Amino acid sequence: MADRNDLEFTYSLIDRVFRLSLGELADFSGALYNGDFSLSLEEAQRRKHEYIAEQIGIGPGRRVLDLGCGWGPLLDFVRRRGGAGVGVTLSSAQLRACRRHGLDAHLQDARQVTRSTFGIFDAVASLGAFEHFCSPQQHREGRQEQVYSGLFAKIASVLPTGGRLYLQTMVFGRNMIPLEQVDIRAPRDSDGWYLALLGRQFPGSFLPYGQEQIIRTANPHFRLVSSTSGRLDYVETIRQWRSRFAAPGVRKSLLKLRLLPRWLTSAEFRLAFTSGVSANSVCFERELLDHHRLIFEKQD
């Protein structure tokens, strides 16, 4: 999977700029608009958390595991609902942010969490982390499905029969091109260039091939309860994020200046963070990528 250095690059470098732009406990995964793009970003993220609570059962006394907890928005929601949330992340900055707010977060590889790690949970959630669980190298070695199957087996080990998993992730979409065409040297604005740029922004990460691959590897531990596409919702979420990140601010400008040495010395950093485009958004619009909200239930 994407290792700790990869995730530090993607998430920890932008930690303080992120929090100044979106808030201390803001959510860095697709919101839930359901076509109503008049909603504010905060309202759409709240609706997503309420939807998750309804689907997997978040409430008083319920114990919830968050795999890839980010800056802790779902853990905070679980706490406010009277439940007990435990989160794992490989970003040291995210870990510090969670703990500053009294959230139970741990620096831990999500693929290695078993019953002996934190005990049994009533429900599990993972928002925007599944795309980091398989690396390009593992895909090339033909081990992608093995990685996913092992992960689902471990998740099943911490749930009772009938316990639910909420999984929200990007996947390759119906217009995905052959991998050999994905190249940062491809013409700018081509599908291959945007997908290669996305790979620079999320090093060490490789996406599932549609929801079908996810559903297949979840067997025999889980049955699919429901699935919905959040592709258009994610396009709007990214538009809102970009607006917030671009909003002026003295502290934000000073933080960006502190990244200047990295910008001058790292071509990878310049590509990932200052290309001037949102590769994610373009790939969703062109249906090179899709986005799914999947509800699974552990089988007997």
# chains A, B, ... in the order shown; residues from 1 in each chain; ligands from 1
call {"tool": "select_by_dssp", "arguments": {"residues": "stretch 51-115 of chain A", "states": "strand (DSSP E)", "output": "number ranges by chain"}}
result
A: 63-67, 84-89, 104-107
call {"tool": "residues_around", "arguments": {"residues": "A:Trp193", "least_positions_apart": "6", "cutoff": "9 Å", "atoms": "only C-alpha atoms", "output": "ChimeraX atom specification"}}
result
/A:181-187,279
call {"tool": "closest_residue", "arguments": {"among": "A:Val171, A:Leu232, A:Gly199, A:Ala218", "to": "A:Leu151", "atoms": "only C-alpha atoms"}}
result
A:Ala218
call {"tool": "residues_around", "arguments": {"residues": "stretch 229-231 of chain A", "least_positions_apart": "2", "cutoff": "6 Å", "atoms": "only C-alpha atoms", "output": "list in words"}}
result
Asp233, Tyr234, Asp290, His291 and His292 of chain A
call {"tool": "residues_around", "arguments": {"residues": "stretch 20-29 of chain A", "least_positions_apart": "2", "cutoff": "6 Å", "atoms": "only C-alpha atoms", "output": "mmCIF file with C-alpha atoms, in the first residue's frame"}}
result
data_model
loop_
_atom_site.group_PDB
_atom_site.id
_atom_site.type_symbol
_atom_site.label_atom_id
_atom_site.label_comp_id
_atom_site.auth_asym_id
_atom_site.auth_seq_id
_atom_site.Cartn_x
_atom_site.Cartn_y
_atom_site.Cartn_z
ATOM 1 C CA VAL A 17 -3.104 24.973 5.100
ATOM 2 C CA PHE A 18 -5.898 22.393 5.106
ATOM 3 C CA TRP A 71 -8.399 14.870 10.621
ATOM 4 C CA GLY A 72 -11.135 13.180 12.655
ATOM 5 C CA PRO A 73 -14.507 14.454 11.377
ATOM 6 C CA GLY A 128 -11.373 7.873 1.076
ATOM 7 C CA ARG A 244 -11.673 27.531 0.196
ATOM 8 C CA PHE A 245 -7.994 26.796 -0.467
#
call {"tool": "residues_around", "arguments": {"residues": "A:Arg99", "least_positions_apart": "5", "cutoff": "12 Å", "atoms": "only C-alpha atoms", "output": "PyMOL selection string"}}
result
chain A and resi 24-25+69-72+75-76+86-89+92-94+104-107
call {"tool": "select_by_dssp", "arguments": {"residues": "stretch 41-102 of chain A", "states": "helix (DSSP H, G or I)", "output": "ChimeraX atom specification"}}
result
/A:41-56,73-80,92-100
call {"tool": "write_last_selection", "arguments": {"atoms": "N, CA, C and O atoms", "output": "compact mmCIF listing (two decimals), in the first residue's frame"}}
result
# COMPACT_ATOMS: atom_id res chain seq x y z
N LEU A 41 -21.01 23.32 1.76
CA LEU A 41 -20.12 22.18 1.95
C LEU A 41 -20.34 21.55 3.31
O LEU A 41 -20.40 20.32 3.45
N GLU A 42 -20.49 22.38 4.33
CA GLU A 42 -20.68 21.87 5.70
C GLU A 42 -21.97 21.06 5.82
O GLU A 42 -22.01 20.01 6.47
N GLU A 43 -23.03 21.56 5.19
CA GLU A 43 -24.31 20.85 5.26
C GLU A 43 -24.22 19.51 4.53
O GLU A 43 -24.74 18.49 5.00
N ALA A 44 -23.55 19.50 3.37
CA ALA A 44 -23.43 18.25 2.62
C ALA A 44 -22.57 17.23 3.36
O ALA A 44 -22.85 16.03 3.32
N GLN A 45 -21.54 17.70 4.07
CA GLN A 45 -20.73 16.78 4.86
C GLN A 45 -21.52 16.27 6.06
O GLN A 45 -21.43 15.08 6.43
N ARG A 46 -22.34 17.13 6.65
CA ARG A 46 -23.18 16.69 7.78
C ARG A 46 -24.16 15.62 7.31
O ARG A 46 -24.40 14.62 7.99
N ARG A 47 -24.75 15.83 6.14
CA ARG A 47 -25.69 14.85 5.59
C ARG A 47 -25.01 13.51 5.35
O ARG A 47 -25.61 12.45 5.52
N LYS A 48 -23.76 13.56 4.91
CA LYS A 48 -23.02 12.32 4.71
C LYS A 48 -22.86 11.57 6.02
O LYS A 48 -23.09 10.35 6.09
N HIS A 49 -22.46 12.27 7.07
CA HIS A 49 -22.29 11.61 8.37
C HIS A 49 -23.61 11.04 8.88
O HIS A 49 -23.64 9.94 9.44
N GLU A 50 -24.70 11.76 8.67
CA GLU A 50 -26.00 11.25 9.10
C GLU A 50 -26.40 10.01 8.30
O GLU A 50 -27.00 9.07 8.84
N TYR A 51 -26.07 10.01 7.02
CA TYR A 51 -26.34 8.85 6.18
C TYR A 51 -25.55 7.63 6.68
O TYR A 51 -26.09 6.52 6.78
N ILE A 52 -24.28 7.85 6.99
CA ILE A 52 -23.46 6.75 7.51
C ILE A 52 -24.04 6.23 8.82
O ILE A 52 -24.13 5.01 9.04
N ALA A 53 -24.43 7.15 9.70
CA ALA A 53 -24.99 6.75 10.99
C ALA A 53 -26.23 5.88 10.80
O ALA A 53 -26.43 4.88 11.50
N GLU A 54 -27.07 6.27 9.84
CA GLU A 54 -28.29 5.51 9.57
C GLU A 54 -27.98 4.13 9.01
O GLU A 54 -28.66 3.14 9.35
N GLN A 55 -26.95 4.04 8.18
CA GLN A 55 -26.66 2.79 7.49
C GLN A 55 -25.91 1.77 8.35
O GLN A 55 -26.12 0.56 8.20
N ILE A 56 -25.01 2.23 9.20
CA ILE A 56 -24.21 1.26 9.97
C ILE A 56 -24.51 1.30 11.47
O ILE A 56 -24.03 0.46 12.21
N PRO A 73 -13.12 13.99 11.40
CA PRO A 73 -14.51 14.45 11.38
C PRO A 73 -15.52 13.38 11.76
O PRO A 73 -16.48 13.65 12.49
N LEU A 74 -15.31 12.14 11.29
CA LEU A 74 -16.26 11.09 11.64
C LEU A 74 -16.11 10.68 13.09
O LEU A 74 -17.11 10.42 13.78
N LEU A 75 -14.87 10.64 13.59
CA LEU A 75 -14.68 10.33 15.01
C LEU A 75 -15.38 11.35 15.89
O LEU A 75 -16.00 10.99 16.90
N ASP A 76 -15.32 12.61 15.51
CA ASP A 76 -16.01 13.66 16.26
C ASP A 76 -17.52 13.47 16.19
O ASP A 76 -18.23 13.64 17.19
N PHE A 77 -18.02 13.09 15.01
CA PHE A 77 -19.46 12.85 14.86
C PHE A 77 -19.91 11.68 15.74
O PHE A 77 -20.96 11.76 16.39
N VAL A 78 -19.12 10.61 15.76
CA VAL A 78 -19.44 9.46 16.61
C VAL A 78 -19.50 9.89 18.07
O VAL A 78 -20.42 9.51 18.82
N ARG A 79 -18.53 10.67 18.49
CA ARG A 79 -18.50 11.16 19.88
C ARG A 79 -19.73 11.99 20.21
O ARG A 79 -20.33 11.82 21.28
N ARG A 80 -20.11 12.88 19.30
CA ARG A 80 -21.27 13.73 19.55
C ARG A 80 -22.57 12.92 19.56
O ARG A 80 -23.56 13.36 20.16
N SER A 92 1.27 11.55 10.40
CA SER A 92 1.57 12.04 11.74
C SER A 92 0.86 13.35 12.03
O SER A 92 0.44 13.60 13.17
N ALA A 93 0.69 14.20 11.02
CA ALA A 93 -0.01 15.48 11.21
C ALA A 93 -1.48 15.24 11.52
O ALA A 93 -2.07 15.91 12.39
N GLN A 94 -2.10 14.31 10.82
CA GLN A 94 -3.49 13.99 11.11
C GLN A 94 -3.64 13.41 12.51
O GLN A 94 -4.60 13.73 13.23
N LEU A 95 -2.70 12.56 12.90
CA LEU A 95 -2.75 12.00 14.25
C LEU A 95 -2.69 13.10 15.30
O LEU A 95 -3.50 13.11 16.24
N ARG A 96 -1.77 14.04 15.15
CA ARG A 96 -1.66 15.13 16.12
C ARG A 96 -2.94 15.97 16.16
O ARG A 96 -3.40 16.37 17.23
N ALA A 97 -3.51 16.23 14.99
CA ALA A 97 -4.74 17.02 14.92
C ALA A 97 -5.88 16.32 15.66
O ALA A 97 -6.62 16.95 16.42
N CYS A 98 -6.01 15.02 15.45
CA CYS A 98 -7.07 14.25 16.13
C CYS A 98 -6.88 14.29 17.65
O CYS A 98 -7.82 14.54 18.41
N ARG A 99 -5.66 14.07 18.08
CA ARG A 99 -5.42 14.00 19.52
C ARG A 99 -5.56 15.37 20.19
O ARG A 99 -5.93 15.44 21.36
N ARG A 100 -5.28 16.44 19.46
CA ARG A 100 -5.49 17.78 20.02
C ARG A 100 -6.96 17.99 20.38
O ARG A 100 -7.28 18.76 21.27
call {"tool": "residues_around", "arguments": {"residues": "stretch 154-169 of chain A", "least_positions_apart": "3", "cutoff": "9 Å", "atoms": "only C-alpha atoms", "output": "number ranges by chain"}}
result
A: 29-30, 52, 55-57, 111-116, 118-131, 149-151, 207-208, 221-222, 230, 290-300
call {"tool": "residues_around", "arguments": {"residues": "stretch 138-145 of chain A", "least_positions_apart": "4", "cutoff": "9 Å", "atoms": "only C-alpha atoms", "output": "list of chain:residue names"}}
result
A:Met1, A:Cys134, A:Ser149, A:Gly150, A:Phe206, A:Pro208, A:Gln213, A:Ile214, A:Arg216, A:Thr217
call {"tool": "write_last_selection", "arguments": {"atoms": "C-alpha atoms", "output": "mmCIF file, in the first residue's frame"}}
result
data_model
loop_
_atom_site.group_PDB
_atom_site.id
_atom_site.type_symbol
_atom_site.label_atom_id
_atom_site.label_comp_id
_atom_site.auth_asym_id
_atom_site.auth_seq_id
_atom_site.Cartn_x
_atom_site.Cartn_y
_atom_site.Cartn_z
ATOM 1 C CA MET A 1 0.000 0.000 0.000
ATOM 2 C CA CYS A 134 -2.976 -1.294 -2.834
ATOM 3 C CA SER A 149 -9.314 -9.941 0.333
ATOM 4 C CA GLY A 150 -6.886 -9.838 3.252
ATOM 5 C CA PHE A 206 -3.610 2.343 -6.955
ATOM 6 C CA PRO A 208 -9.808 -0.615 -7.625
ATOM 7 C CA GLN A 213 -13.683 -5.760 -7.855
ATOM 8 C CA ILE A 214 -14.453 -4.491 -4.363
ATOM 9 C CA ARG A 216 -15.950 -9.645 -5.345
ATOM 10 C CA THR A 217 -13.048 -9.442 -2.896
#
